[in-house]
Amino acid sequence: MSFWPYYGLQRGITTTAWPDGAEDSAGITPGRPCALQTGHAEEIAAACPTQALKAVSQAGRDGVAVDFSHCIHCQRCRHGDNALPWSTDFSWGAPSAAARPALESRFTRSLQVLYVDAGACGACVNEVRLIDAPPYNLHRLGIFVTATPRDADVLLVAGPITDAMRTAISKAYAAMPEPKRVMGMGTCAIHGGVFGESFACAGGLEKIVPVDLWLPGCPPPPLAIIHGLLSLVGRVTPAALEEQP
Amino acid sequence: MLYIIAYLLFAAGPLLALIPGRRIPALLAWLLMSSACVLAGIQGVMAIAAGQSLPLITLSLPIIGPFTFVQTPLGGLLILITSSVFAVAIPFVTRDANLYTSGRRGLFLAIAMLTLAGMIGFFLAGSIVAFIFCWELAALAIWGLITFETRQSKPVAAGLLTLALSELGSLAGLVSLLLLASAAGTPQLSGIAHAVPEMSPKLLLVAGLLAFFGFGMKAGIIPLNVWLPAAHGTAPRSTSPILSGATLNLGLYAFLRIDAPIALHQPHLGLIILSSGALTALIGIIYALVEKDMKRLLAQSSVENMGIATAGIGAGLTFAAYGHPLLGGASMVAGLYHMINHSTFKTLLFLGAGGIDASTGTHNLDELGGLMKRLPALGSFFLVGAFAIAALPPFNGFVSEWLLLESLLRVVEIPDIPVRITFALSGALLALTSGLALTCFIMLPGSALMGLPRSPQAANAKKAPLSVVLPMGLLALLALLLGLAATLVIPVLSRLAATLLGTNPTASLVPDFFHIPSQVPMAVRHALDPIGASLGAAFLPLRSLVVMHLDQTPAPVVYAMSTLLTFVVLVLMLGSVWILVRVIRQRRVTRNTLWDAGLTRLRPEMTYTATTFAAPVRVVFQGFFHPLIEENEKRHGAFVLTRSYHQVITNISERLVIRPGIRMALYIASRLARMHKGHVNTYASYILVAMVVVLIIVAGAGTR
Amino acid sequence: MSIPKTLQEWLQSIPNLQMQKRSEQWLQLLCSAEQLPALTRHLMEEEEAEFATLLVEESADALSVHYLFYLPATGNLIELKVEAPAGTELPAISDTVHAADWHEREAWDLYGLRFSGHPFLGDFVLHDDDWPEGLDPMRRSFDGKHRPDLHGSGADWAPPRLLQEEGAMVFPVGPVWGDFNESGLWLLETPGEQIRYLHTRLFYKYRGVEKIAEGRTVDQGLLLAERFAGAAAFAHAWAYCQALEQIAACQIPTRAQQLRIVFAELERIRHHAANIAEIAGSTALSVAKALAQGIVEDLLRLSARLCGHRYFFGVLTPGGLREDLDEGKIKLLRQTLPELDQRMQQLEKHLEGSSSFLDRIEEMGTLSNELARIYGVVGPIARASGRSIDLRRHLPYGQYVFLSPDVPVEQEGDGYARLRIFFAESRISVKIILDLLPFMAEGPVQSPCPIQEGHALSWVEAPSGATFHWLRCTGDGTITRLRLGTPGFRNWHAFERAIEGAAFQDFPIILATWGLSIAENDR
């Protein structure tokens with residue numbers, strides 16, 4: 001005798017109110033550094049192992065700009081004397097330079113996503129698996145995951161684009177019907193992240209297929225992934241890849 | 001008269017082929033043989049049209065009795081089918097005969113013609129002597145066809161098996177005929193049929209069963225049908241269409257001719273025929289599903305189709321015996337219709353298999369694939385044949401199988417519980433058979449025509465010979481027409497059934513064009529029915545299969561289906577979808593290669609083979625197949641280098657009937673061998689004992 | 001913890017064998033190629049040694065190959081070092097030490113070092129359809145920065161086949177398959193329905209971490225060690241830090257050592273809970289999957305609240321931890337963990353009461369004890385197949401020396417045994433953390449860890465099993481060799497044997513019960 005429906009009901013509703021309401025539960029996102037006006041900009045930037053922080057000086061004001069496409073949340077600028085403030089947001093999806101316009105209105109409540117893993121570490125895989133778990137429940141937003149590019153509207157690629165997955169990604173993209181959008185998930189997908197460009201990694205999804213939306217983060221938490229998907233259909237305002245002080 | 005001309009032409013064709021050269025003699029031989037077939041076919045049509053028996057010739061021979069030939073409508077139908085099958089198969093036969101030297105070419109064609117001649121003679125036989133003589137003639141000719149290519153040893157074994165079992169069957173049939181003839185006191189078949197009511201029930205049952213199982217062996221009826229796939233699988237590829245499309249009908253006709261009068265007085269016989277047919281059908285299709293040799297698969301499916309036809313005949317005889325000639329007629333019509341259909345689509349499919357063999361050099365399904373792109377015409381016709389045999393509307397297989405299942409349901413008219421149970425079980429077996437047949441005939445064209453070519457031969461397939469493609473086109477058209485114009489065929493078959501059952505069932509049926517709800521008062525219905533009948537009959541030549549009984553007392557609705565209307569609806573639906581897609585949604589169509597999950601390339605070895613497709617069936621029927629599995633593993637340390645599996649599936653009839661038979665024969669032989677000690681004295685004493693025994697018997701007989 | 005007497009005597013009886021004690025625990029044997037098979041056979045059969053990893057280092061004109069073993073009974077490390085001058089072959093040991101099979105194939109693909117007697121060299125890490133033959137990326141002469149402008153056989157590539165059965169086919173699963181699956185290709189050899197043999201073709205996610213680490217600083221190396229397998233980021237980062245600390249002979253403050261255990265065990269619970277969610281999901285038990293995912297999500301949030309990151313990225317630093325846990329966070333941990341444990345146990349009880357669920361994982365994907373030993377599987381997979389192996393006990397590191405945690409063992413080796421192991425280990429991990437919290441030492445969580453030249457082997461029992469890191473660096477902090485001997489690489493090797501005889505529809509279920517990470521294997 002199965003009581004599973006009862007066990008499920010016992011837990012109650014755990015789904016987030018976002019994007020209709022606010023969501024600020026602790027730990028829902030790792031957060032990321034914010035740009036800051038500071039006199040120690042050079043030191044802070046030098047301490048960043050991925051060159052995500054840049055010392056800028058605009059109109060005589062010194063500060064640290066953040067390039068999220070390189071930030072891997074190594075937390076080195078979070079602690080110590082020259083710590084930067086860290087935000088606790090997750091609205092990270094940012095249009096790429098070659099972004100096509102958001103998908104038409106008929107996709108806003110029915111979007112099919114194909115996920116392709118191109119060398120993602122377990123963290124991105126785990127976060128993407130959680131987007132349809134009860135706390136986030138992707139389906140309530142009319143977004144569905146499909147296993148075939150024939151049905152897919154969005155190609156979601158994570159990882160630094162390994163050599164062996166190039167063919168698969170371009171084939172999947174070619175097999176998708178128009179209109180289609182591509183979303184690069186995780187810092188790795190943007191420039192290769194810690195892996196960079198090498199003999200084994202292309203170091204950037206853009207070298208294989210045109211990309212519409214970048215989702216920085218290492219890994220981007222589930223709500224950030226949902227934010228990215230919603231930006232593709234114009235349901236939320238996208239963020240920017242860089243933040244100036 | 002026509003027969004004599006036809007027979008002369010039968011002989012002339014092969015003679016022409018003895019002339020050296022390739023094109024001209026073959027063409028001439030083909031021309032002569034084809035016209036002979038046409039003549040025989042015309043005579044067959046005339047026999048059907050005559051509607052009654054016409055004695056042709058009687059030769060009185062001294063010891064063995066009269067040699068009578070009678071033209072009957074049912075025989076006419078069989079002659080028509082046979083000569084049509086030969087007519088469409090002969091182009092391929094003559095083409096392939098060119099592969100032999102000219103002497104052997106003539107012999108090959110002569111044997112083929114002898115088969116046809118023997119068969120026509122058999123369908124005309126009026127006395128038991130003519131019956132047995134022509135039967136044996138045809139059996140020998142068939143054996144000659146199967147063993148013609150004796151370069152390999154397999155055909156010999158298969159041919160010998162055919163011959164041996166055929167002789168065993170003939171022997172049983174002969175015993176049955178002699179029993180009946182001696183009880184009736186006449187060697188004429190019609191005389192026997194008249195005398196049946198006076199014979200003892202026990203004798204009738206024994207004779208009926210002997211005739212059914214004896215002659216039925218030729219049609220692949222259980223328990224001894226293992227020879228059929230073996231023989232048809234190894235016969236020269238051009239003769240397979242003849243063997244399956246034509247010669248199997250011999251068995252059906254033989255037991256129908258003998259058993260029909262008996263079964264009207266012996267209801268049990270009909271039930272046995274029905275259930276044996278249903279069981280044969282199921283066993284046939286199950287074995288077809290595990291075959292990957294196209295010819296063997298088709299041969300197994302012939303067993304299935306013969307089973308279906310037999311079940312129809314059995315049901316018809318049972319209904320008639322229980323006093324429901326109308327329902328009996330419907331079932332009988334279904335059985336005969338299925339026989340016609342089987343000859344159509346099986347000839348079509350075997351021609352296709354032969355054509356595929358001719359253009360690729362293989363008939364192993366696991367080595368084929370992707371042929372639709374290389375042989376489009378042959379592939380399309382082959383597909384039609386597969387649809388037809390899988391009983392998909394609007395093709396012909398659907399009509400007969402649907403009629404049969406529908407009439408089996410009418411068993412509710414018979415109050416006898418055991419009869420109902422037999423009908424229900426047989427119906428269930430046949431329904432399962434239909435489902436498996438569908439699987440099988442998705443597998444066959446799927447693995448041969450679709451996907452990627454799985455061998456170099458399939459990848460480099462040559463153009464299919466016209467001598468195969470054109471006849472296939474003709475047969476495909478026929479399969480469609482027999483499906484659509486079923487109502488034109490049914491009355492004809494119904495008249496033939498009348499000669500067996502004594503009443504013409506469809507004469508009392510009307511098209512249910514003005515079928516009236518049962519709330520309408522009886523009086524009004526009585527008045528309206530004849531009007532509906534005459535209107536329907538007069539104005540709607542291609543009316544649907546919706547027919548009902550004219551006479552109100554039993555008033556069963558017999559059939560309710562219109563293949564023609566289904567076809568029209570199908571065409572309308574597909575057409576409107578096409579219009580919707582093309583006209584209303586004017587969208588750009590993008591074509592892409594197959595999505596292969598991101599592989600570098602989808603390889604042929606990654607596509608389904610016939611074996612993998614049928615795997616679920618193999619797993620489900622594991623207990624039935626009793627496969628012998630040979631497993632082997634080659635290792636190097638902890639590495640597995642190769643792993644081999646070999647499955648041997650032995651046919652159930654071989655496992656349960658033939659092998660025990662052989663074991664018993666060997667046992668008896670070994671017992672007998674003990675008598676042979678090799679000493680002269682021992683043999684002398686045997687002779688002495690035998691002489692004494694003979695003397696005692698003679699003396700005893702003399703004193704009486 | 002000294003080398004067993006019998007082994008010492010046996011080794012001394014062998015002529016021309018140089019023995020060198022690297023430490024009290026670590027014995028190095030310099031042997032010739034001919035001696036190798038006999039030595040490894042003796043170690044495996046007589047001493048019941050466990051294979052740790054195999055690594056190749058390139059010197060000026062030769063490749064030196066290190067075969068690393070450990071003795072679980074005494075906690076000793078045995079290193080066999082063989083020099084293979086350019087162009088020579090080494091005898092394959094994988095017919096006796098089958099766990100070394102994939103290691104040898106890897107060394108052939110990456111270094112061009114041939115092992116004579118190995119039947120399946122090639123088309124492994126570097127796929128033949130993409131990568132040209134004879135180009136060995138781990139060699140010093142190869143420039144790892146760019147993709148070479150050369151290609152492999154392309155569409156001519158044919159799948160490997162070892163099944164000989166009429167009409168059998170190779171059913172491909174992947175590389176892109178299912179909803180949220182990692183990329184990999186599984187070639188199921190089958191006559192239909194039943195899987196006769198499986199070829200696991202991974203390394204679709206090969207990122208060349210060991211190659212790209214060379215020439216980077218040890219600090220950047222930590223980022224790589226953390227991020228090549230995010231599901232066990234802490235364990236791998238810990239192993240990496242241990243190697244650096246070993247080279248520097250750095251003493252870690254007790255509090256940092258204790259906190260490392262807390263984080264490592266938290267990661268283990270989350271890893272196992274995620275596996276349980278996948279197992280439930282593979283059998284279409286969606287409520288159980290949702291409940292397990294709820295636990296995973298709560299553990300992730302707890303991690304982020306404790307140390308700022310959901311996957312413990314950036315927490316570790318050589319010499320300790322980047323940040324201490326204050327009283328508030330320890331209190332949070334003490335409050336949250338028992339409740340999560342409660343939910344986990346509830347889930348276990350419910351799952352064990354669902355017979356339809358158990359039917360699908362019982363006797364499914366069975367790895368017999370014998371095969372587990374031959375393939376040298378590690379972690380929960382080994383413990384579900386009756387092998388009580390856990391580095392925390394048999395080769396203890398850090399504070400585990402004093403804890404010696406319980407090691408749950410199941411004998412069946414099927415999917416259900418693995419599920420039980422996942423639950424039991426999570427329970428034990430919760431207990432370890434809760435038992436440790438009252439005894440937290442006071443003091444700093446970081447001590448200086450100066451960069452020195454040297455090399456070291458370190459190990460950690462990652463959630464999925466034993467991981468061995470070998471690090472060699474120069475005095476200015478440049479990595480010259482980083483070897484990641486991961487549990488994924490060990491266990492994926494044996495996966496093919498658990499699939500044999502299963503039906504198609506069981507494949508995803510068996511895959512889920514193994515709970516293996518491809519990222520960890522591919523590196």
# chains A, B, ... in the order shown; residues from 1 in each chain; ligands from 1
$ residues_around --residues "range 17-32 of chain A" --least-positions-apart "2" --cutoff "6 Å" --atoms "only C-alpha atoms" --output "ChimeraX atom specification"
/A:86-88,221 /C:301,304-305,308-309
$ residues_around --residues "range 78-93 of chain C" --least-positions-apart "5" --cutoff "6 Å" --atoms "only C-alpha atoms" --output "PyMOL selection string"
chain C and resi 26-33+37+62-70+114-118
$ residues_around --residues "range 436-446 of chain C" --least-positions-apart "6" --cutoff "10 Å" --atoms "only C-alpha atoms" --output "list in words"
Gln251, Ile252, Pro253, Thr254, Arg255, Ala256, Gln257, Gln258, Leu259, Arg260, Ile261, Val262, Leu316, Thr317, Pro318, Gly319, Gly320, Leu321, Arg322, Glu323, Asp324, Leu325, Ile330, Lys331, Leu333, Arg334, Leu403 and Val430 of chain C
$ closest_atom_pairs --of "chain C" --to "chain B" --cutoff "10 Å" --atoms "only C-alpha atoms" --output "Markdown table"
| residue | atom | partner | partner_atom | distance |
| --- | --- | --- | --- | --- |
| C:Ile93 | CA | B:Gly637 | CA | 9.7 |
| C:Ser94 | CA | B:Ala638 | CA | 7.7 |
| C:Asp95 | CA | B:Gly637 | CA | 4.3 |
| C:Thr96 | CA | B:Gly637 | CA | 6.3 |
| C:Val97 | CA | B:Ala638 | CA | 8.4 |
| C:His98 | CA | B:Ala638 | CA | 6.2 |
| C:Ala99 | CA | B:Ala638 | CA | 9.7 |
| C:Asp101 | CA | B:Phe639 | CA | 8.8 |
| C:Gly117 | CA | B:His636 | CA | 9.2 |
| C:His118 | CA | B:Phe639 | CA | 9.0 |
| C:Pro119 | CA | B:Leu641 | CA | 7.8 |
| C:Phe120 | CA | B:Leu641 | CA | 9.0 |
| C:Asp129 | CA | B:Thr600 | CA | 7.4 |
| C:Asp130 | CA | B:Thr600 | CA | 8.8 |
| C:Gly154 | CA | B:Thr600 | CA | 6.7 |
| C:Ala155 | CA | B:Arg601 | CA | 5.4 |
| C:Asp156 | CA | B:Arg601 | CA | 8.3 |
| C:Trp157 | CA | B:Thr600 | CA | 8.1 |
| C:Ala158 | CA | B:Arg603 | CA | 7.1 |
| C:Pro159 | CA | B:Arg603 | CA | 8.2 |
| C:Arg161 | CA | B:Thr642 | CA | 8.3 |
| C:Leu162 | CA | B:Thr642 | CA | 4.6 |
| C:Leu163 | CA | B:Arg643 | CA | 4.9 |
| C:Gln164 | CA | B:Ser644 | CA | 4.3 |
| C:Glu165 | CA | B:Tyr645 | CA | 5.2 |
| C:Glu166 | CA | B:His646 | CA | 7.6 |
| C:Gly167 | CA | B:Thr611 | CA | 5.2 |
| C:Ala168 | CA | B:Thr612 | CA | 6.6 |
| C:Met169 | CA | B:Glu605 | CA | 5.5 |
| C:Val170 | CA | B:Met606 | CA | 4.8 |
| C:Phe171 | CA | B:Met606 | CA | 5.4 |
| C:Pro172 | CA | B:Met606 | CA | 6.6 |
| C:Val173 | CA | B:Ala597 | CA | 8.0 |
| C:Gly174 | CA | B:Ala597 | CA | 5.8 |
| C:Pro175 | CA | B:Gly598 | CA | 5.9 |
| C:Val176 | CA | B:Ala597 | CA | 5.0 |
| C:Trp177 | CA | B:Ala597 | CA | 6.5 |
| C:Gly178 | CA | B:Ala597 | CA | 9.9 |
| C:Ser183 | CA | B:Gly598 | CA | 9.9 |
| C:Leu185 | CA | B:Leu599 | CA | 8.6 |
| C:Leu187 | CA | B:Met606 | CA | 8.8 |
| C:Leu188 | CA | B:Met606 | CA | 9.4 |
| C:Glu189 | CA | B:Met606 | CA | 9.3 |
| C:Thr190 | CA | B:Thr612 | CA | 7.5 |
| C:Pro191 | CA | B:Thr612 | CA | 5.0 |
| C:Gly192 | CA | B:Thr612 | CA | 3.8 |
| C:Glu193 | CA | B:Ala615 | CA | 5.9 |
| C:Gln194 | CA | B:Ala615 | CA | 8.3 |
| C:Arg196 | CA | B:Arg643 | CA | 8.4 |
| C:Tyr197 | CA | B:Arg643 | CA | 8.4 |
| C:Leu371 | CA | B:Ala638 | CA | 9.2 |
| C:Ile374 | CA | B:Ala638 | CA | 7.4 |
| C:Tyr375 | CA | B:Ala638 | CA | 8.6 |
$ write_last_selection --atoms "C-alpha atoms" --output "PDB file, in the first residue's frame"
ATOM      1  CA  ILE C  93      49.611  -5.696 -14.901  1.00  0.00           C
ATOM      2  CA  SER C  94      45.894  -5.293 -15.518  1.00  0.00           C
ATOM      3  CA  ASP C  95      45.299  -8.998 -16.102  1.00  0.00           C
ATOM      4  CA  THR C  96      46.097  -9.567 -12.410  1.00  0.00           C
ATOM      5  CA  VAL C  97      45.478  -6.082 -10.974  1.00  0.00           C
ATOM      6  CA  HIS C  98      42.398  -5.412 -13.042  1.00  0.00           C
ATOM      7  CA  ALA C  99      41.850  -2.080 -11.322  1.00  0.00           C
ATOM      8  CA  ASP C 101      43.139  -1.550 -16.638  1.00  0.00           C
ATOM      9  CA  GLY C 117      49.640  -7.683 -23.202  1.00  0.00           C
ATOM     10  CA  HIS C 118      46.822  -5.197 -22.741  1.00  0.00           C
ATOM     11  CA  PRO C 119      44.097  -6.170 -25.184  1.00  0.00           C
ATOM     12  CA  PHE C 120      42.205  -2.892 -25.432  1.00  0.00           C
ATOM     13  CA  ASP C 129      36.999   9.961 -34.061  1.00  0.00           C
ATOM     14  CA  ASP C 130      38.219  13.330 -32.747  1.00  0.00           C
ATOM     15  CA  GLY C 154      35.675  11.033 -37.846  1.00  0.00           C
ATOM     16  CA  ALA C 155      32.665   9.176 -39.205  1.00  0.00           C
ATOM     17  CA  ASP C 156      34.713   6.050 -39.862  1.00  0.00           C
ATOM     18  CA  TRP C 157      34.806   5.302 -36.166  1.00  0.00           C
ATOM     19  CA  ALA C 158      33.038   2.039 -35.366  1.00  0.00           C
ATOM     20  CA  PRO C 159      31.840   1.016 -31.936  1.00  0.00           C
ATOM     21  CA  ARG C 161      32.083  -5.084 -30.191  1.00  0.00           C
ATOM     22  CA  LEU C 162      32.894  -8.229 -28.342  1.00  0.00           C
ATOM     23  CA  LEU C 163      29.562  -9.997 -28.473  1.00  0.00           C
ATOM     24  CA  GLN C 164      29.276 -12.695 -31.077  1.00  0.00           C
ATOM     25  CA  GLU C 165      25.613 -13.353 -31.593  1.00  0.00           C
ATOM     26  CA  GLU C 166      23.618 -13.366 -34.782  1.00  0.00           C
ATOM     27  CA  GLY C 167      21.513 -10.279 -35.268  1.00  0.00           C
ATOM     28  CA  ALA C 168      22.871  -8.499 -32.200  1.00  0.00           C
ATOM     29  CA  MET C 169      23.213  -4.750 -32.326  1.00  0.00           C
ATOM     30  CA  VAL C 170      24.974  -2.018 -30.415  1.00  0.00           C
ATOM     31  CA  PHE C 171      22.360   0.175 -28.793  1.00  0.00           C
ATOM     32  CA  PRO C 172      23.842   3.611 -28.131  1.00  0.00           C
ATOM     33  CA  VAL C 173      22.776   5.654 -25.109  1.00  0.00           C
ATOM     34  CA  GLY C 174      24.126   9.169 -25.266  1.00  0.00           C
ATOM     35  CA  PRO C 175      26.144  11.313 -25.473  1.00  0.00           C
ATOM     36  CA  VAL C 176      23.133  13.669 -25.177  1.00  0.00           C
ATOM     37  CA  TRP C 177      20.371  11.758 -23.484  1.00  0.00           C
ATOM     38  CA  GLY C 178      17.659  12.044 -20.892  1.00  0.00           C
ATOM     39  CA  SER C 183      27.453  13.342 -21.150  1.00  0.00           C
ATOM     40  CA  LEU C 185      28.186   7.136 -24.291  1.00  0.00           C
ATOM     41  CA  LEU C 187      27.100   1.089 -26.003  1.00  0.00           C
ATOM     42  CA  LEU C 188      24.808  -1.748 -25.033  1.00  0.00           C
ATOM     43  CA  GLU C 189      25.533  -4.931 -26.935  1.00  0.00           C
ATOM     44  CA  THR C 190      22.254  -6.710 -27.224  1.00  0.00           C
ATOM     45  CA  PRO C 191      20.203  -9.156 -29.244  1.00  0.00           C
ATOM     46  CA  GLY C 192      17.239  -7.025 -28.121  1.00  0.00           C
ATOM     47  CA  GLU C 193      15.723  -6.627 -24.662  1.00  0.00           C
ATOM     48  CA  GLN C 194      18.619  -8.138 -22.747  1.00  0.00           C
ATOM     49  CA  ARG C 196      24.778  -8.881 -22.970  1.00  0.00           C
ATOM     50  CA  TYR C 197      27.687  -6.508 -22.600  1.00  0.00           C
ATOM     51  CA  LEU C 371      34.039  -8.743  -9.190  1.00  0.00           C
ATOM     52  CA  ILE C 374      38.909  -7.843  -9.082  1.00  0.00           C
ATOM     53  CA  TYR C 375      37.917  -4.404 -10.246  1.00  0.00           C
TER      54      TYR C 375
END
$ residues_around --residues "Leu405 in chain B" --least-positions-apart "2" --cutoff "8 Å" --atoms "only C-alpha atoms" --output "NGL selection string"
:B and (401-403 or 407-409 or 427 or 430-431)
$ write_last_selection --atoms "all heavy atoms" --output "PDB file, in the first residue's frame"
ATOM      1  N   GLU B 401      -9.864 -11.579 -42.624  1.00  0.00           N
ATOM      2  CA  GLU B 401      -9.644 -11.818 -41.195  1.00  0.00           C
ATOM      3  C   GLU B 401     -10.749 -11.197 -40.361  1.00  0.00           C
ATOM      4  O   GLU B 401     -11.195 -11.762 -39.361  1.00  0.00           O
ATOM      5  CB  GLU B 401      -8.276 -11.269 -40.767  1.00  0.00           C
ATOM      6  CG  GLU B 401      -7.150 -12.122 -41.319  1.00  0.00           C
ATOM      7  CD  GLU B 401      -5.853 -11.907 -40.574  1.00  0.00           C
ATOM      8  OE1 GLU B 401      -5.905 -11.611 -39.369  1.00  0.00           O
ATOM      9  OE2 GLU B 401      -4.791 -12.045 -41.209  1.00  0.00           O
ATOM     10  N   TRP B 402     -11.213 -10.044 -40.797  1.00  0.00           N
ATOM     11  CA  TRP B 402     -12.272  -9.393 -40.051  1.00  0.00           C
ATOM     12  C   TRP B 402     -13.568 -10.187 -40.157  1.00  0.00           C
ATOM     13  O   TRP B 402     -14.274 -10.393 -39.176  1.00  0.00           O
ATOM     14  CB  TRP B 402     -12.484  -7.964 -40.565  1.00  0.00           C
ATOM     15  CG  TRP B 402     -13.541  -7.249 -39.820  1.00  0.00           C
ATOM     16  CD1 TRP B 402     -13.420  -6.637 -38.622  1.00  0.00           C
ATOM     17  CD2 TRP B 402     -14.896  -7.114 -40.212  1.00  0.00           C
ATOM     18  NE1 TRP B 402     -14.623  -6.119 -38.243  1.00  0.00           N
ATOM     19  CE2 TRP B 402     -15.544  -6.396 -39.202  1.00  0.00           C
ATOM     20  CE3 TRP B 402     -15.618  -7.541 -41.337  1.00  0.00           C
ATOM     21  CZ2 TRP B 402     -16.889  -6.083 -39.265  1.00  0.00           C
ATOM     22  CZ3 TRP B 402     -16.959  -7.228 -41.402  1.00  0.00           C
ATOM     23  CH2 TRP B 402     -17.580  -6.494 -40.367  1.00  0.00           C
ATOM     24  N   LEU B 403     -13.861 -10.652 -41.384  1.00  0.00           N
ATOM     25  CA  LEU B 403     -15.067 -11.475 -41.570  1.00  0.00           C
ATOM     26  C   LEU B 403     -15.009 -12.710 -40.687  1.00  0.00           C
ATOM     27  O   LEU B 403     -15.997 -13.089 -40.054  1.00  0.00           O
ATOM     28  CB  LEU B 403     -15.170 -11.923 -43.033  1.00  0.00           C
ATOM     29  CG  LEU B 403     -15.772 -10.947 -44.027  1.00  0.00           C
ATOM     30  CD1 LEU B 403     -15.771 -11.569 -45.409  1.00  0.00           C
ATOM     31  CD2 LEU B 403     -17.182 -10.600 -43.616  1.00  0.00           C
ATOM     32  N   SER B 407     -17.525 -13.558 -37.710  1.00  0.00           N
ATOM     33  CA  SER B 407     -18.443 -14.699 -37.747  1.00  0.00           C
ATOM     34  C   SER B 407     -18.192 -15.640 -36.586  1.00  0.00           C
ATOM     35  O   SER B 407     -19.125 -16.294 -36.111  1.00  0.00           O
ATOM     36  CB  SER B 407     -18.381 -15.425 -39.084  1.00  0.00           C
ATOM     37  OG  SER B 407     -17.114 -15.372 -39.627  1.00  0.00           O
ATOM     38  N   LEU B 408     -16.928 -15.701 -36.084  1.00  0.00           N
ATOM     39  CA  LEU B 408     -16.678 -16.546 -34.913  1.00  0.00           C
ATOM     40  C   LEU B 408     -17.496 -16.040 -33.714  1.00  0.00           C
ATOM     41  O   LEU B 408     -17.969 -16.816 -32.893  1.00  0.00           O
ATOM     42  CB  LEU B 408     -15.197 -16.562 -34.556  1.00  0.00           C
ATOM     43  CG  LEU B 408     -14.283 -17.386 -35.454  1.00  0.00           C
ATOM     44  CD1 LEU B 408     -12.874 -17.393 -34.898  1.00  0.00           C
ATOM     45  CD2 LEU B 408     -14.791 -18.803 -35.590  1.00  0.00           C
ATOM     46  N   LEU B 409     -17.662 -14.723 -33.646  1.00  0.00           N
ATOM     47  CA  LEU B 409     -18.431 -14.166 -32.529  1.00  0.00           C
ATOM     48  C   LEU B 409     -19.887 -14.605 -32.571  1.00  0.00           C
ATOM     49  O   LEU B 409     -20.574 -14.610 -31.564  1.00  0.00           O
ATOM     50  CB  LEU B 409     -18.372 -12.631 -32.577  1.00  0.00           C
ATOM     51  CG  LEU B 409     -17.034 -12.010 -32.236  1.00  0.00           C
ATOM     52  CD1 LEU B 409     -17.104 -10.507 -32.365  1.00  0.00           C
ATOM     53  CD2 LEU B 409     -16.620 -12.395 -30.828  1.00  0.00           C
ATOM     54  N   GLY B 427     -11.113 -18.133 -31.409  1.00  0.00           N
ATOM     55  CA  GLY B 427     -11.157 -16.704 -31.712  1.00  0.00           C
ATOM     56  C   GLY B 427     -10.044 -15.969 -31.000  1.00  0.00           C
ATOM     57  O   GLY B 427      -9.371 -15.111 -31.587  1.00  0.00           O
ATOM     58  N   LEU B 430      -6.818 -16.664 -32.691  1.00  0.00           N
ATOM     59  CA  LEU B 430      -6.715 -15.949 -33.963  1.00  0.00           C
ATOM     60  C   LEU B 430      -6.471 -14.465 -33.724  1.00  0.00           C
ATOM     61  O   LEU B 430      -5.734 -13.815 -34.474  1.00  0.00           O
ATOM     62  CB  LEU B 430      -7.974 -16.164 -34.801  1.00  0.00           C
ATOM     63  CG  LEU B 430      -8.101 -17.567 -35.389  1.00  0.00           C
ATOM     64  CD1 LEU B 430      -9.442 -17.739 -36.077  1.00  0.00           C
ATOM     65  CD2 LEU B 430      -6.982 -17.815 -36.391  1.00  0.00           C
ATOM     66  N   ALA B 431      -7.094 -13.934 -32.671  1.00  0.00           N
ATOM     67  CA  ALA B 431      -6.880 -12.511 -32.376  1.00  0.00           C
ATOM     68  C   ALA B 431      -5.419 -12.276 -31.992  1.00  0.00           C
ATOM     69  O   ALA B 431      -4.788 -11.319 -32.449  1.00  0.00           O
ATOM     70  CB  ALA B 431      -7.793 -12.058 -31.241  1.00  0.00           C
TER      71      ALA B 431
END
